[in-house]
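start.txt (compact mmCIF, C-alpha atoms) appears below.
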# COMPACT_ATOMS: atom_id res chain seq x y z
CA MET A 1 -19.82 -12.55 13.56
CA LEU A 2 -20.84 -9.41 11.69
CA SER A 3 -17.94 -8.19 9.60
CA PHE A 4 -17.51 -4.64 8.37
CA SER A 5 -17.90 -5.71 4.72
CA LEU A 6 -21.38 -7.03 5.54
CA ALA A 7 -22.14 -3.91 7.56
CA ARG A 8 -21.40 -1.74 4.51
CA LEU A 9 -24.14 -3.54 2.55
CA LEU A 10 -26.73 -2.93 5.23
CA SER A 11 -28.27 0.36 6.24
CA ILE A 12 -27.25 1.88 9.56
CA SER A 13 -30.72 1.19 10.98
CA THR A 14 -30.46 -2.50 10.04
CA VAL A 15 -26.99 -2.77 11.59
CA VAL A 16 -28.23 -1.03 14.74
CA SER A 17 -31.15 -3.46 14.97
CA VAL A 18 -28.94 -6.52 14.46
CA LEU A 19 -26.33 -5.36 16.95
CA THR A 20 -28.97 -4.39 19.52
CA VAL A 21 -30.50 -7.88 19.35
CA CYS A 22 -27.07 -9.54 19.48
CA GLN A 23 -25.92 -7.42 22.40
CA SER A 24 -29.16 -8.09 24.32
CA ALA A 25 -28.74 -11.81 23.77
CA GLY A 26 -25.14 -11.66 24.99
CA ALA A 27 -23.79 -12.76 21.61
CA ILE A 28 -21.49 -9.77 21.33
CA THR A 29 -18.63 -10.05 23.75
CA ARG A 30 -16.18 -7.79 21.98
CA ILE A 31 -15.70 -5.95 18.74
CA GLY A 32 -12.11 -5.42 17.68
CA ASN A 33 -10.43 -2.07 17.22
CA ALA A 34 -11.47 0.05 14.26
CA GLN A 35 -9.42 -0.75 11.17
CA SER A 36 -10.58 2.17 9.06
CA THR A 37 -12.29 5.54 9.32
CA HIS A 38 -15.54 3.99 8.05
CA GLU A 39 -15.59 1.38 10.79
CA HIS A 40 -14.78 3.98 13.42
CA THR A 41 -17.60 6.23 12.14
CA LEU A 42 -20.02 3.30 12.15
CA ARG A 43 -19.11 2.49 15.75
CA GLU A 44 -19.58 6.12 16.84
CA ASN A 45 -22.98 6.28 15.12
CA LEU A 46 -24.08 3.05 16.77
CA GLN A 47 -22.95 4.23 20.17
CA ALA A 48 -24.68 7.61 19.77
CA SER A 49 -27.95 6.32 18.30
CA ARG A 50 -28.60 3.32 20.54
CA GLY A 51 -26.19 3.60 23.41
CA ILE A 52 -24.41 0.45 22.26
CA THR A 53 -21.09 0.20 24.00
CA PHE A 54 -18.08 -1.65 22.70
CA PRO A 55 -15.60 -2.94 25.31
CA TYR A 56 -12.44 -1.80 23.56
CA GLN A 57 -10.08 1.11 23.56
CA ASN A 58 -10.26 2.88 20.20
CA SER A 59 -7.34 2.40 17.88
CA SER A 60 -5.84 5.79 18.66
CA HIS A 61 -5.29 4.68 22.25
CA GLN A 62 -2.29 2.51 23.01
CA LEU A 63 -1.25 1.45 26.46
CA ASP A 64 2.00 3.01 27.57
CA VAL A 65 4.05 0.06 28.76
CA SER A 66 7.25 2.09 28.84
CA LYS A 67 6.51 3.51 32.30
CA ARG A 68 6.28 0.28 34.27
CA ALA A 69 7.86 0.67 37.72
CA ILE A 70 10.75 -1.41 39.01
CA GLN A 71 9.22 -4.42 40.73
CA ASN A 72 10.25 -6.46 43.73
CA ILE A 73 10.60 -10.23 43.61
CA ILE A 74 7.84 -12.06 45.47
CA ILE A 75 9.36 -14.51 47.94
CA THR A 76 6.98 -17.35 48.74
CA THR A 77 7.01 -21.05 49.58
CA GLY A 78 3.33 -21.31 48.67
CA SER A 79 1.81 -22.28 45.35
CA ILE A 80 2.55 -20.11 42.34
CA PRO A 81 -0.19 -19.43 39.77
CA LYS A 82 0.26 -20.76 36.22
CA GLY A 83 -0.65 -17.44 34.62
CA ASP A 84 -1.29 -16.51 31.01
CA ASN A 85 0.84 -17.18 27.95
CA PHE A 86 3.72 -14.91 26.90
CA SER A 87 7.18 -15.19 25.36
CA LEU A 88 10.59 -14.43 26.82
CA SER A 89 12.98 -12.92 24.31
CA ASN A 90 15.95 -11.63 26.26
CA SER A 91 17.10 -11.07 29.81
CA ARG A 92 20.05 -9.28 31.32
CA ILE A 93 21.38 -7.84 34.52
CA VAL A 94 22.16 -4.15 34.66
CA GLY A 95 23.58 -3.09 38.01
CA LYS A 96 21.25 -4.51 40.65
CA GLN A 97 18.31 -4.96 38.27
CA LEU A 98 17.12 -7.97 36.30
CA GLN A 99 15.67 -6.79 32.97
CA ILE A 100 13.43 -9.21 31.09
CA ASP A 101 12.08 -8.60 27.57
CA VAL A 102 8.65 -10.16 27.08
CA SER A 103 5.98 -10.15 24.40
CA TYR A 104 2.31 -11.05 24.63
CA SER A 105 -1.04 -10.53 22.98
CA GLY A 106 -3.17 -7.70 24.36
CA GLY A 107 -3.34 -3.94 24.24
CA CYS A 108 -6.62 -3.02 25.92
CA ARG A 109 -5.60 -3.52 29.55
CA GLN A 110 -2.45 -3.20 31.60
CA HIS A 111 -1.05 -6.70 32.22
CA ASP A 112 0.75 -7.76 35.39
CA PHE A 113 3.96 -9.75 35.63
CA ASN A 114 5.28 -11.18 38.88
CA LEU A 115 8.61 -12.85 39.55
CA TYR A 116 8.43 -15.56 42.24
CA TRP A 117 11.28 -17.10 44.23
CA ASN A 118 11.17 -19.48 47.19
CA GLY A 119 14.12 -17.72 48.87
CA ALA A 120 16.43 -20.75 48.61
CA TYR A 121 19.89 -21.02 47.08
CA GLN A 122 20.84 -24.37 45.54
CA GLU A 123 24.06 -25.78 46.90
CA SER A 124 26.33 -25.61 43.88
CA PHE A 125 29.25 -23.59 42.64
CA PRO A 126 28.29 -20.98 41.79
CA PRO A 127 25.06 -20.97 43.81
CA GLN A 128 21.82 -21.05 41.82
CA VAL A 129 18.36 -19.63 42.40
CA ARG A 130 15.20 -20.71 40.61
CA MET A 131 12.65 -18.03 39.78
CA LYS A 132 9.37 -18.20 37.92
CA LEU A 133 7.90 -15.33 35.88
CA VAL A 134 4.09 -15.29 35.81
CA HIS A 135 1.87 -13.19 33.53
CA ASN A 136 -1.68 -12.05 34.37
CA ALA A 137 -3.45 -10.77 31.23
CA LYS A 138 -6.49 -9.63 33.27
CA LYS A 139 -8.82 -11.19 30.67
CA ASP A 140 -7.54 -8.83 27.93
CA THR A 141 -8.93 -10.23 24.67
CA CYS A 142 -7.25 -7.74 22.36
CA GLU A 143 -4.70 -9.16 19.95
CA ARG A 144 -2.06 -6.48 19.43
CA LEU A 145 1.50 -7.78 19.90
CA ILE A 146 2.94 -5.98 22.92
CA THR A 147 6.67 -6.05 23.65
CA GLU A 148 8.07 -4.56 26.82
CA THR A 149 10.95 -4.76 29.24
CA LEU A 150 10.21 -5.74 32.83
CA VAL A 151 12.63 -4.59 35.52
CA PHE A 152 13.05 -6.38 38.86
CA ASP A 153 15.12 -5.27 41.84
CA ILE A 154 17.63 -8.03 42.72
CA GLN A 155 19.90 -6.17 45.13
CA SER A 156 18.99 -8.53 48.00
CA ILE A 157 20.08 -11.63 46.04
CA GLN A 158 23.57 -13.00 46.56
CA PRO A 159 25.76 -13.48 43.47
CA SER A 160 24.44 -16.61 41.74
CA ILE A 161 23.14 -18.12 38.53
CA ILE A 162 19.49 -17.14 38.15
CA ARG A 163 17.38 -19.89 36.54
CA LEU A 164 14.35 -18.09 35.13
CA THR A 165 11.36 -20.23 34.04
CA THR A 166 7.76 -19.79 32.90
CA SER A 167 4.74 -22.10 33.03
CA PHE A 168 4.96 -22.45 29.26
CA GLY A 169 8.38 -24.04 28.84
CA ASP A 170 10.58 -20.98 28.37
CA SER A 171 13.69 -20.85 30.53
CA ARG A 172 16.81 -18.73 30.80
CA SER A 173 19.99 -18.82 32.84
CA ILE A 174 21.38 -15.44 33.81
CA ASP A 175 24.85 -15.05 35.28
CA TYR A 176 24.69 -12.84 38.34
CA THR A 177 27.98 -14.07 39.80
CA LYS A 178 29.70 -10.78 39.00
CA PRO A 179 27.01 -8.22 39.94
CA SER A 180 29.13 -5.19 39.08
CA LYS A 181 29.07 -5.99 35.34
CA ALA A 182 26.13 -6.29 32.98
CA SER A 183 25.27 -9.94 32.27
CA SER A 184 23.11 -11.50 29.56
CA LEU A 185 21.12 -14.68 29.16
CA ARG A 186 22.76 -17.95 28.21
As a first step, turn the structure in this file into structure tokens.
Amino acid sequence: MLSFSLARLLSISTVVSVLTVCQSAGAITRIGNAQSTHEHTLRENLQASRGITFPYQNSSHQLDVSKRAIQNIIITTGSIPKGDNFSLSNSRIVGKQLQIDVSYSGGCRQHDFNLYWNGAYQESFPPQVRMKLVHNAKKDTCERLITETLVFDIQSIQPSIIRLTTSFGDSRSIDYTKPSKASSLR
């Protein structure tokens, strides 16, 4: 891996030659976001002089995760994908919406989250439903910590305890037995 400190010791033409050979050989799969003005300038010069492209969004671009639409729950009795790693931090019910705070590594692509349910209520008092939250990182190799709130429409679900799980061991129980009030995780 060619680091910026090494690149500073070499002339631009040497760096261009090295990167051209590496890119042609498939050795360069990604170069991280620019950490300084010098790195950013070096990248621009390389792109302009040799047409070398870097599969990243520059550091001034950040995905806007604040405008994610309210999602529907996917009801299925089929297999559910394992998905990519993420962390659950909080969950709550506000009105007829389930809000889930998640964090994950990324920042170069919009990630997808889907909430799966088999449509069944467990016979208990209060009734319970089991749901699984699945993350699709879309092969995003960036490493910025992204935190966002997902919102799912739950108006078609009867009052119950929602058992929320992931493929990675996280789980939450959310009290939806009194839908008119806001509820939090337990």
Legend entry - Pick from A:Asp112, A:Leu98, A:Asn118, A:Ile146 nearest to A:Gly78, counting all atoms listed in the file: A:Asn118
Inset, instruction - Excluding A:Val102 and residues on its chain fewer than 3 positions from it, collect all residues at most 12 Å away from it, counting all atoms listed in the file, and give them as a VMD selection string. - result: chain A and resid 65 85 to 91 99 105 111 to 113 133 to 135 145 to 151 166 170
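Reported to one decimal place, the separation of atom CA of A:Phe125 from atom CA of A:Ser173 is 14.3 Å.
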Legend entry - Which residue of A:Gln97, A:Ser103, A:Gln71, A:Ser167 approaches A:Leu115 most closely, using all atoms listed in the file: A:Gln71
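Comparing A:Gln122, A:Glu143, A:Met131, A:Gln110 by their smallest distance to A:Ile75, the closest is A:Met131 (using all atoms listed in the file).
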Legend entry - Shell of 10 Å around A:Ile162, all atoms listed in the file, local chain residues under 4 positions omitted, as a VMD selection string: chain A and resid 98 121 127 to 131 157 172 to 177 185
Legend entry - Coordinates-based distance that separates atom CA of A:Ser171 from atom CA of A:Ile100 (Å, one decimal): 11.7 Å
Taking every listed atom of stretch 158-177 of chain A and adding 4 Å to each side, what centre and edge lengths in Å (one decimal) does the axis-aligned box have, as lines of an AutoDock Vina configuration file?
center_x = 16.4
center_y = -18.4
center_z = 37.5
size_x = 31.2
size_y = 19.2
size_z = 26.2
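Going from atom CA of A:Lys82 over to atom CA of A:Lys132, you cover 9.6 Å.
In this comparison, which uses all atoms listed in the file, the residue of A:Gln155, A:Ser160, A:Thr141, A:Ser124 approaching A:Ile73 most closely is A:Gln155.
Each of A:Arg163, A:Arg144, A:Lys138, A:Arg92 was compared to A:Tyr116 using all atoms listed in the file, and A:Arg163 turns out to be the nearest.
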